[in-house]
file run.cif (mmCIF, C-alpha atoms)
data_structure
loop_
_atom_site.group_PDB
_atom_site.id
_atom_site.type_symbol
_atom_site.label_atom_id
_atom_site.label_comp_id
_atom_site.auth_asym_id
_atom_site.auth_seq_id
_atom_site.Cartn_x
_atom_site.Cartn_y
_atom_site.Cartn_z
ATOM 1 C CA MET A 269 -37.675 210.846 -68.418
ATOM 2 C CA ALA A 270 -38.932 208.228 -65.973
ATOM 3 C CA VAL A 271 -39.282 204.693 -67.308
ATOM 4 C CA VAL A 272 -42.775 203.375 -66.591
ATOM 5 C CA PHE A 273 -42.749 200.226 -68.727
ATOM 6 C CA LYS A 274 -39.943 198.102 -70.137
ATOM 7 C CA LYS A 275 -39.063 194.556 -71.116
ATOM 8 C CA PRO A 276 -38.230 192.402 -68.090
ATOM 9 C CA ASN A 277 -34.557 191.499 -67.733
ATOM 10 C CA ALA A 278 -35.523 187.825 -67.491
ATOM 11 C CA LEU A 279 -36.790 187.904 -71.103
ATOM 12 C CA THR A 280 -34.383 187.761 -74.037
ATOM 13 C CA ASP A 281 -34.642 189.985 -77.110
ATOM 14 C CA LYS A 282 -35.605 187.088 -79.373
ATOM 15 C CA PRO A 283 -39.024 187.472 -81.058
ATOM 16 C CA THR A 284 -41.436 184.705 -80.097
ATOM 17 C CA HIS A 285 -42.888 182.256 -82.618
ATOM 18 C CA TYR A 286 -46.419 182.240 -81.204
ATOM 19 C CA CYS A 287 -49.491 182.829 -83.372
ATOM 20 C CA PRO A 288 -51.226 186.233 -83.375
ATOM 21 C CA GLY A 289 -53.502 186.509 -80.348
ATOM 22 C CA CYS A 290 -51.848 183.633 -78.497
ATOM 23 C CA THR A 291 -51.623 184.367 -74.779
ATOM 24 C CA HIS A 292 -48.340 182.526 -74.193
ATOM 25 C CA GLY A 293 -46.521 185.825 -74.636
ATOM 26 C CA ILE A 294 -48.495 187.443 -71.829
ATOM 27 C CA VAL A 295 -47.688 184.615 -69.442
ATOM 28 C CA HIS A 296 -44.008 184.654 -70.446
ATOM 29 C CA ARG A 297 -43.851 188.312 -69.531
ATOM 30 C CA LEU A 298 -45.543 187.753 -66.163
ATOM 31 C CA VAL A 299 -43.154 184.935 -65.296
ATOM 32 C CA ALA A 300 -40.192 187.134 -66.240
ATOM 33 C CA GLU A 301 -41.511 190.084 -64.237
ATOM 34 C CA CYS A 302 -41.834 187.883 -61.149
ATOM 35 C CA ILE A 303 -38.301 186.550 -61.622
ATOM 36 C CA ASP A 304 -37.017 190.132 -61.843
ATOM 37 C CA GLU A 305 -38.963 191.385 -58.844
ATOM 38 C CA LEU A 306 -37.936 188.454 -56.655
ATOM 39 C CA GLY A 307 -34.291 188.800 -57.731
ATOM 40 C CA ILE A 308 -33.904 185.119 -58.602
ATOM 41 C CA GLU A 309 -32.723 185.204 -62.228
ATOM 42 C CA GLY A 310 -29.210 184.122 -61.249
ATOM 43 C CA LYS A 311 -30.445 180.947 -59.563
ATOM 44 C CA ALA A 312 -33.541 180.244 -61.676
ATOM 45 C CA ILE A 313 -33.666 177.109 -63.840
ATOM 46 C CA GLY A 314 -36.640 176.700 -66.141
ATOM 47 C CA VAL A 315 -37.775 173.466 -67.760
ATOM 48 C CA ALA A 316 -39.307 173.793 -71.230
ATOM 49 C CA PRO A 317 -41.975 171.346 -72.456
ATOM 50 C CA VAL A 318 -42.840 169.715 -75.737
ATOM 51 C CA GLY A 319 -45.665 171.708 -77.291
ATOM 52 C CA CYS A 320 -46.207 175.299 -78.341
ATOM 53 C CA ALA A 321 -43.772 176.498 -75.653
ATOM 54 C CA VAL A 322 -41.082 174.058 -76.738
ATOM 55 C CA MET A 323 -38.742 176.951 -77.525
ATOM 56 C CA ALA A 324 -39.247 178.749 -74.209
ATOM 57 C CA TYR A 325 -35.519 178.245 -73.662
ATOM 58 C CA ASP A 326 -34.979 180.950 -76.307
ATOM 59 C CA TYR A 327 -37.190 183.469 -74.512
ATOM 60 C CA PHE A 328 -36.120 183.343 -70.856
ATOM 61 C CA SER A 329 -32.659 184.608 -69.978
ATOM 62 C CA CYS A 330 -32.206 182.261 -67.016
ATOM 63 C CA ASP A 331 -30.793 178.741 -67.376
ATOM 64 C CA MET A 332 -33.209 176.436 -69.207
ATOM 65 C CA ILE A 333 -33.500 172.687 -69.785
ATOM 66 C CA GLN A 334 -35.496 170.983 -72.556
ATOM 67 C CA ALA A 335 -37.528 168.075 -71.199
ATOM 68 C CA PRO A 336 -38.908 165.075 -73.099
ATOM 69 C CA HIS A 337 -42.654 165.210 -73.676
ATOM 70 C CA GLY A 338 -44.476 165.324 -70.343
ATOM 71 C CA ARG A 339 -41.418 164.742 -68.197
ATOM 72 C CA ALA A 340 -40.779 168.329 -67.074
ATOM 73 C CA PRO A 341 -41.827 167.702 -63.430
ATOM 74 C CA ALA A 342 -39.451 164.729 -63.251
ATOM 75 C CA ILE A 343 -36.601 166.820 -64.684
ATOM 76 C CA ALA A 344 -37.441 169.649 -62.281
ATOM 77 C CA THR A 345 -37.449 167.214 -59.366
ATOM 78 C CA GLY A 346 -33.963 165.996 -60.233
ATOM 79 C CA VAL A 347 -32.623 169.528 -60.618
ATOM 80 C CA LYS A 348 -34.142 170.765 -57.355
ATOM 81 C CA ARG A 349 -32.954 167.762 -55.366
ATOM 82 C CA SER A 350 -29.415 168.010 -56.733
ATOM 83 C CA LEU A 351 -29.308 171.833 -56.502
ATOM 84 C CA PRO A 352 -31.591 172.621 -53.549
ATOM 85 C CA ASP A 353 -30.601 176.302 -53.473
ATOM 86 C CA SER A 354 -31.759 176.829 -57.058
ATOM 87 C CA PHE A 355 -35.198 178.057 -58.088
ATOM 88 C CA VAL A 356 -36.837 175.581 -60.479
ATOM 89 C CA PHE A 357 -39.977 176.073 -62.541
ATOM 90 C CA THR A 358 -41.610 174.223 -65.412
ATOM 91 C CA TYR A 359 -43.717 175.833 -68.140
ATOM 92 C CA GLN A 360 -46.157 173.317 -69.683
ATOM 93 C CA GLY A 361 -49.259 173.082 -71.836
ATOM 94 C CA ASP A 362 -52.258 170.859 -71.240
ATOM 95 C CA GLY A 363 -51.179 168.118 -73.657
ATOM 96 C CA ASP A 364 -47.740 167.963 -72.078
ATOM 97 C CA LEU A 365 -48.899 168.169 -68.455
ATOM 98 C CA ALA A 366 -52.343 166.586 -68.379
ATOM 99 C CA ALA A 367 -51.890 163.825 -70.986
ATOM 100 C CA ILE A 368 -48.483 162.205 -71.440
ATOM 101 C CA GLY A 369 -47.206 163.925 -68.282
ATOM 102 C CA THR A 370 -50.125 163.168 -65.964
ATOM 103 C CA ALA A 371 -48.183 160.703 -63.826
ATOM 104 C CA GLU A 372 -45.176 162.993 -63.459
ATOM 105 C CA THR A 373 -47.406 165.880 -62.407
ATOM 106 C CA ILE A 374 -49.469 163.906 -59.909
ATOM 107 C CA HIS A 375 -46.533 162.189 -58.246
ATOM 108 C CA ALA A 376 -44.438 165.360 -58.016
ATOM 109 C CA ALA A 377 -47.387 166.940 -56.199
ATOM 110 C CA ALA A 378 -47.959 163.868 -54.034
ATOM 111 C CA ARG A 379 -44.307 163.925 -52.949
ATOM 112 C CA GLY A 380 -44.520 167.629 -52.209
ATOM 113 C CA GLU A 381 -41.551 168.441 -54.428
ATOM 114 C CA ASN A 382 -40.418 172.027 -53.848
ATOM 115 C CA ILE A 383 -40.911 173.108 -57.473
ATOM 116 C CA THR A 384 -43.296 175.444 -59.300
ATOM 117 C CA ILE A 385 -45.335 174.586 -62.399
ATOM 118 C CA ILE A 386 -46.873 177.119 -64.775
ATOM 119 C CA PHE A 387 -49.638 175.219 -66.562
ATOM 120 C CA ILE A 388 -51.198 176.658 -69.748
ATOM 121 C CA ASN A 389 -54.697 175.292 -70.393
ATOM 122 C CA ASN A 390 -56.113 176.217 -73.812
ATOM 123 C CA ALA A 391 -58.310 173.113 -74.168
ATOM 124 C CA ILE A 392 -56.553 171.819 -77.282
ATOM 125 C CA TYR A 393 -53.316 170.457 -78.708
ATOM 126 C CA GLY A 394 -51.848 173.569 -80.307
ATOM 127 C CA MET A 395 -48.465 172.693 -81.816
ATOM 128 C CA THR A 396 -49.573 169.522 -83.603
ATOM 129 C CA GLY A 397 -52.646 170.922 -85.340
ATOM 130 C CA GLY A 398 -55.571 171.232 -82.979
ATOM 131 C CA GLN A 399 -56.403 167.726 -81.798
ATOM 132 C CA MET A 400 -58.611 166.993 -78.783
ATOM 133 C CA ALA A 401 -56.736 167.345 -75.492
ATOM 134 C CA PRO A 402 -57.493 166.030 -71.978
ATOM 135 C CA THR A 403 -58.829 169.521 -71.232
ATOM 136 C CA THR A 404 -61.050 169.852 -74.334
ATOM 137 C CA LEU A 405 -64.568 170.803 -73.249
ATOM 138 C CA PRO A 406 -67.609 168.557 -73.719
ATOM 139 C CA SER A 407 -68.987 169.029 -77.266
ATOM 140 C CA GLN A 408 -65.962 171.157 -78.280
ATOM 141 C CA VAL A 409 -65.019 170.676 -81.922
ATOM 142 C CA THR A 410 -61.383 169.830 -82.678
ATOM 143 C CA GLN A 411 -59.513 168.115 -85.516
ATOM 144 C CA THR A 412 -60.047 164.727 -83.849
ATOM 145 C CA SER A 413 -63.546 165.483 -82.513
ATOM 146 C CA PRO A 414 -65.184 167.050 -85.592
ATOM 147 C CA TYR A 415 -68.670 166.455 -84.134
ATOM 148 C CA GLY A 416 -67.668 167.700 -80.694
ATOM 149 C CA ARG A 417 -66.157 165.872 -77.741
ATOM 150 C CA ASN A 418 -68.447 162.961 -76.902
ATOM 151 C CA VAL A 419 -67.999 162.317 -73.187
ATOM 152 C CA ASN A 420 -69.779 158.953 -73.479
ATOM 153 C CA GLU A 421 -66.985 157.730 -75.750
ATOM 154 C CA VAL A 422 -63.858 159.562 -74.571
ATOM 155 C CA GLY A 423 -64.727 160.700 -71.058
ATOM 156 C CA TYR A 424 -64.786 164.084 -69.400
ATOM 157 C CA PRO A 425 -62.089 166.778 -69.307
ATOM 158 C CA ILE A 426 -59.497 166.546 -66.556
ATOM 159 C CA LYS A 427 -59.625 169.369 -64.020
ATOM 160 C CA MET A 428 -56.046 169.483 -62.767
ATOM 161 C CA CYS A 429 -56.393 171.959 -59.903
ATOM 162 C CA GLU A 430 -59.376 170.104 -58.469
ATOM 163 C CA MET A 431 -57.605 166.753 -58.735
ATOM 164 C CA LEU A 432 -54.278 167.930 -57.323
ATOM 165 C CA SER A 433 -56.021 169.686 -54.428
ATOM 166 C CA THR A 434 -56.859 166.259 -52.980
ATOM 167 C CA LEU A 435 -53.156 165.456 -52.522
ATOM 168 C CA ASP A 436 -51.557 166.186 -49.169
ATOM 169 C CA GLY A 437 -48.235 167.030 -50.827
ATOM 170 C CA ALA A 438 -49.586 169.949 -52.864
ATOM 171 C CA THR A 439 -49.149 173.315 -51.142
ATOM 172 C CA TYR A 440 -50.444 176.059 -53.432
ATOM 173 C CA LEU A 441 -52.789 175.677 -56.414
ATOM 174 C CA GLU A 442 -54.581 178.490 -58.225
ATOM 175 C CA ARG A 443 -56.437 178.780 -61.532
ATOM 176 C CA VAL A 444 -56.284 182.136 -63.293
ATOM 177 C CA SER A 445 -56.811 183.672 -66.733
ATOM 178 C CA VAL A 446 -55.239 186.343 -68.945
ATOM 179 C CA ASP A 447 -58.325 187.487 -70.860
ATOM 180 C CA CYS A 448 -58.470 191.020 -69.411
ATOM 181 C CA VAL A 449 -56.326 193.456 -67.453
ATOM 182 C CA LYS A 450 -57.915 192.522 -64.116
ATOM 183 C CA ASN A 451 -57.232 188.830 -64.663
ATOM 184 C CA VAL A 452 -53.721 189.464 -66.011
ATOM 185 C CA ASN A 453 -52.915 191.286 -62.778
ATOM 186 C CA ALA A 454 -54.419 188.435 -60.746
ATOM 187 C CA THR A 455 -52.334 185.956 -62.722
ATOM 188 C CA LYS A 456 -49.154 187.820 -61.876
ATOM 189 C CA ARG A 457 -50.054 187.787 -58.180
ATOM 190 C CA ALA A 458 -50.670 184.035 -58.357
ATOM 191 C CA ILE A 459 -47.363 183.338 -60.121
ATOM 192 C CA LYS A 460 -45.485 185.455 -57.607
ATOM 193 C CA LYS A 461 -47.230 183.660 -54.738
ATOM 194 C CA ALA A 462 -46.318 180.287 -56.244
ATOM 195 C CA PHE A 463 -42.706 181.367 -56.702
ATOM 196 C CA GLN A 464 -42.557 182.618 -53.115
ATOM 197 C CA THR A 465 -43.944 179.280 -51.933
ATOM 198 C CA GLN A 466 -40.894 177.578 -53.411
ATOM 199 C CA ILE A 467 -38.472 180.233 -52.186
ATOM 200 C CA ASP A 468 -39.825 179.712 -48.667
ATOM 201 C CA GLY A 469 -39.278 175.957 -49.010
ATOM 202 C CA LYS A 470 -42.937 175.099 -48.565
ATOM 203 C CA GLY A 471 -43.362 172.596 -51.369
ATOM 204 C CA PHE A 472 -45.257 172.008 -54.582
ATOM 205 C CA SER A 473 -47.048 174.910 -56.282
ATOM 206 C CA LEU A 474 -48.930 175.124 -59.573
ATOM 207 C CA VAL A 475 -50.644 177.982 -61.370
ATOM 208 C CA GLU A 476 -53.108 176.964 -64.091
ATOM 209 C CA VAL A 477 -53.630 179.712 -66.664
ATOM 210 C CA ILE A 478 -56.794 179.536 -68.771
ATOM 211 C CA SER A 479 -55.598 180.618 -72.213
ATOM 212 C CA THR A 480 -56.667 180.966 -75.832
ATOM 213 C CA CYS A 481 -55.640 179.261 -79.068
ATOM 214 C CA PRO A 482 -57.213 181.425 -81.808
ATOM 215 C CA THR A 483 -55.549 179.511 -84.662
ATOM 216 C CA ASN A 484 -56.812 176.051 -83.719
ATOM 217 C CA TRP A 485 -60.104 177.286 -82.338
ATOM 218 C CA GLY A 486 -60.705 178.903 -85.749
ATOM 219 C CA LEU A 487 -61.468 182.280 -84.189
ATOM 220 C CA SER A 488 -60.075 185.796 -84.285
ATOM 221 C CA PRO A 489 -58.057 186.838 -81.218
ATOM 222 C CA ASN A 490 -60.948 188.939 -79.870
ATOM 223 C CA ALA A 491 -63.521 186.221 -80.529
ATOM 224 C CA ALA A 492 -61.227 183.694 -78.830
ATOM 225 C CA LEU A 493 -61.205 185.792 -75.672
ATOM 226 C CA ASP A 494 -65.004 185.899 -75.740
ATOM 227 C CA TRP A 495 -65.146 182.117 -76.238
ATOM 228 C CA LEU A 496 -62.822 181.639 -73.271
ATOM 229 C CA ARG A 497 -65.043 183.769 -71.033
ATOM 230 C CA ASP A 498 -68.277 182.154 -72.229
ATOM 231 C CA ASN A 499 -67.104 178.538 -72.205
ATOM 232 C CA MET A 500 -63.818 177.821 -70.465
ATOM 233 C CA ILE A 501 -64.134 179.887 -67.302
ATOM 234 C CA PRO A 502 -67.607 178.480 -66.453
ATOM 235 C CA TYR A 503 -66.211 174.944 -66.834
ATOM 236 C CA TYR A 504 -62.865 175.739 -65.191
ATOM 237 C CA PRO A 505 -63.750 178.229 -62.426
ATOM 238 C CA LEU A 506 -60.999 180.625 -61.429
ATOM 239 C CA GLY A 507 -59.717 180.796 -57.876
ATOM 240 C CA VAL A 508 -57.403 179.341 -55.235
ATOM 241 C CA TYR A 509 -57.897 175.583 -54.966
ATOM 242 C CA LYS A 510 -55.396 175.000 -52.182
ATOM 243 C CA ASP A 511 -53.211 177.224 -50.049
ATOM 244 C CA SER A 512 -51.534 175.569 -47.100
ATOM 245 C CA THR A 513 -48.473 177.819 -47.132
ATOM 246 C CA SER A 514 -49.143 178.906 -43.556
ATOM 247 C CA ASP A 515 -49.350 175.288 -42.402
ATOM 248 C CA LYS A 516 -46.062 174.016 -43.814
ATOM 249 C CA GLU A 517 -42.675 174.576 -42.274
ATOM 250 C CA GLU A 518 -39.633 175.313 -44.417
ATOM 251 C CA LYS A 519 -38.039 172.124 -45.712
#
call {"tool": "encode", "arguments": {"input": "run.cif", "output": "structure tokens"}}
result
Amino acid sequence: MAVVFKKPNALTDKPTHYCPGCTHGIVHRLVAECIDELGIEGKAIGVAPVGCAVMAYDYFSCDMIQAPHGRAPAIATGVKRSLPDSFVFTYQGDGDLAAIGTAETIHAAARGENITIIFINNAIYGMTGGQMAPTTLPSQVTQTSPYGRNVNEVGYPIKMCEMLSTLDGATYLERVSVDCVKNVNATKRAIKKAFQTQIDGKGFSLVEVISTCPTNWGLSPNAALDWLRDNMIPYYPLGVYKDSTSDKEEK
């Protein structure tokens, strides 16, 4: 009997700890499928964040490093510079990447480091109980914004792809979602494109994945997907924000 669907080799057999309806598992699978299809598991080194994906080192079968909170791009930079033939990716949430790790992210992009970042944006701090994040939407209710995010007091959400697209060092930036089959397929294409950007030595790439957090949003998994479509995607439009892969020579 022909095998039409199986677990990617780049995923371990360990069950994940994520909440029901969480989309981290979907993105993990897509990352692993791309690693398999590109044949890079033997030279791939992933950098796990602090946050809901803190135990990503248990789920990917390639070499993994645990980074301090927000410092994954700095760790990835050191690994890639010391082992230039390796393939290095980070997997980070919005609190890790866009809050405590903002400087590391921006300067890695500005330097054009030849690394790839998978950025999960679910508009909230998930692991620590649902506090307001840098990506929390205006008027969105969280544990630390019980009356909704007041932009007059705490400012507006940070749009990472838009901001990073202004930097000359960034090569490939795309925002995607995993709320439906069509968008899941588009997300895989974006991740594979970002990985190929690094393989070709063309510099910094980042894929931002608009995701759900049913537990901390206080919604069912299905309702969370609807909320994402109705609220997050209009505020964080999907699409390619920068693609200069054809303009950059191999480093």
call {"tool": "resolve_selection", "arguments": {"input": "run.cif", "expression": "the PyMOL selection byres ((chain A and resi 391-399) around 6)", "output": "list in words"}}
result
Gly319, Cys320, Gly363, Asn389, Asn390, Met400, Ala401, Thr403, Thr404, Thr410, Gln411, Thr412 and Asn484 of chain A
call {"tool": "resolve_selection", "arguments": {"input": "run.cif", "expression": "the PyMOL selection byres ((chain A and resi 499) around 12)", "output": "count of residues only"}}
result
24
call {"tool": "closest_residue", "arguments": {"input": "run.cif", "among": "A:His296, A:Lys311, A:Lys516, A:His285", "to": "Gln360 of chain A", "atoms": "only C-alpha atoms"}}
result
A:His296
call {"tool": "residues_around", "arguments": {"input": "run.cif", "residues": "Met323 of chain A", "least_positions_apart": "3", "cutoff": "12 Å", "atoms": "all atoms listed in the file", "output": "list in words"}}
result
Lys282, Pro283, Thr284, His285, Tyr286, His292, His296, Gly314, Val315, Ala316, Pro317, Val318, Gly319, Cys320, Asp326, Tyr327, Phe328, Met332, Ile333, Gln334, Ala335, Tyr359, Gln360 and Met395 of chain A
call {"tool": "axis_aligned_box", "arguments": {"input": "run.cif", "around": "segment 503-519 of chain A", "padding_each_side": "8 Å", "output": "AutoDock Vina command-line options"}}
result
--center_x -52.1 --center_y 176.5 --center_z -54.6 --size_x 44.2 --size_y 24.7 --size_z 40.6
call {"tool": "residues_around", "arguments": {"input": "run.cif", "residues": "segment 306-310 of chain A", "least_positions_apart": "6", "cutoff": "8 Å", "atoms": "all atoms listed in the file", "output": "PDB file with C-alpha atoms, in the frame of the given file"}}
result
ATOM      1  CA  ALA A 278     -35.523 187.825 -67.491  1.00  0.00           C
ATOM      2  CA  SER A 329     -32.659 184.608 -69.978  1.00  0.00           C
ATOM      3  CA  CYS A 330     -32.206 182.261 -67.016  1.00  0.00           C
ATOM      4  CA  PHE A 355     -35.198 178.057 -58.088  1.00  0.00           C
TER       5      PHE A 355
END
call {"tool": "closest_residue", "arguments": {"input": "run.cif", "among": "A:Ala312, A:Ile343, A:Ile294, A:Leu435", "to": "Ile388 of chain A", "atoms": "all atoms listed in the file"}}
result
A:Ile294
call {"tool": "resolve_selection", "arguments": {"input": "run.cif", "expression": "the PyMOL selection byres ((chain A and resi 451) around 12)", "output": "JSON, numbers by chain"}}
result
{"A": [294, 295, 298, 443, 444, 445, 446, 447, 448, 449, 450, 452, 453, 454, 455, 456, 457, 458, 477, 478, 479, 497, 501, 506, 507]}
call {"tool": "atom_distance", "arguments": {"input": "run.cif", "atom1": "atom CA of Ile459 of chain A", "atom2": "atom CA of Ile303 of chain A"}}
result
9.7 Å
call {"tool": "atom_distance", "arguments": {"input": "run.cif", "atom1": "atom CA of Glu421 of chain A", "atom2": "atom CA of Arg339 of chain A"}}
result
27.6 Å
call {"tool": "residues_near_point", "arguments": {"input": "run.cif", "point": "(-38.9, 176.7, -52.2)", "cutoff": "10 Å", "atoms": "only C-alpha atoms", "output": "JSON, numbers by chain"}}
result
{"A": [348, 352, 353, 354, 355, 356, 381, 382, 383, 384, 462, 463, 464, 465, 466, 467, 468, 469, 470, 471, 472, 473, 518, 519]}
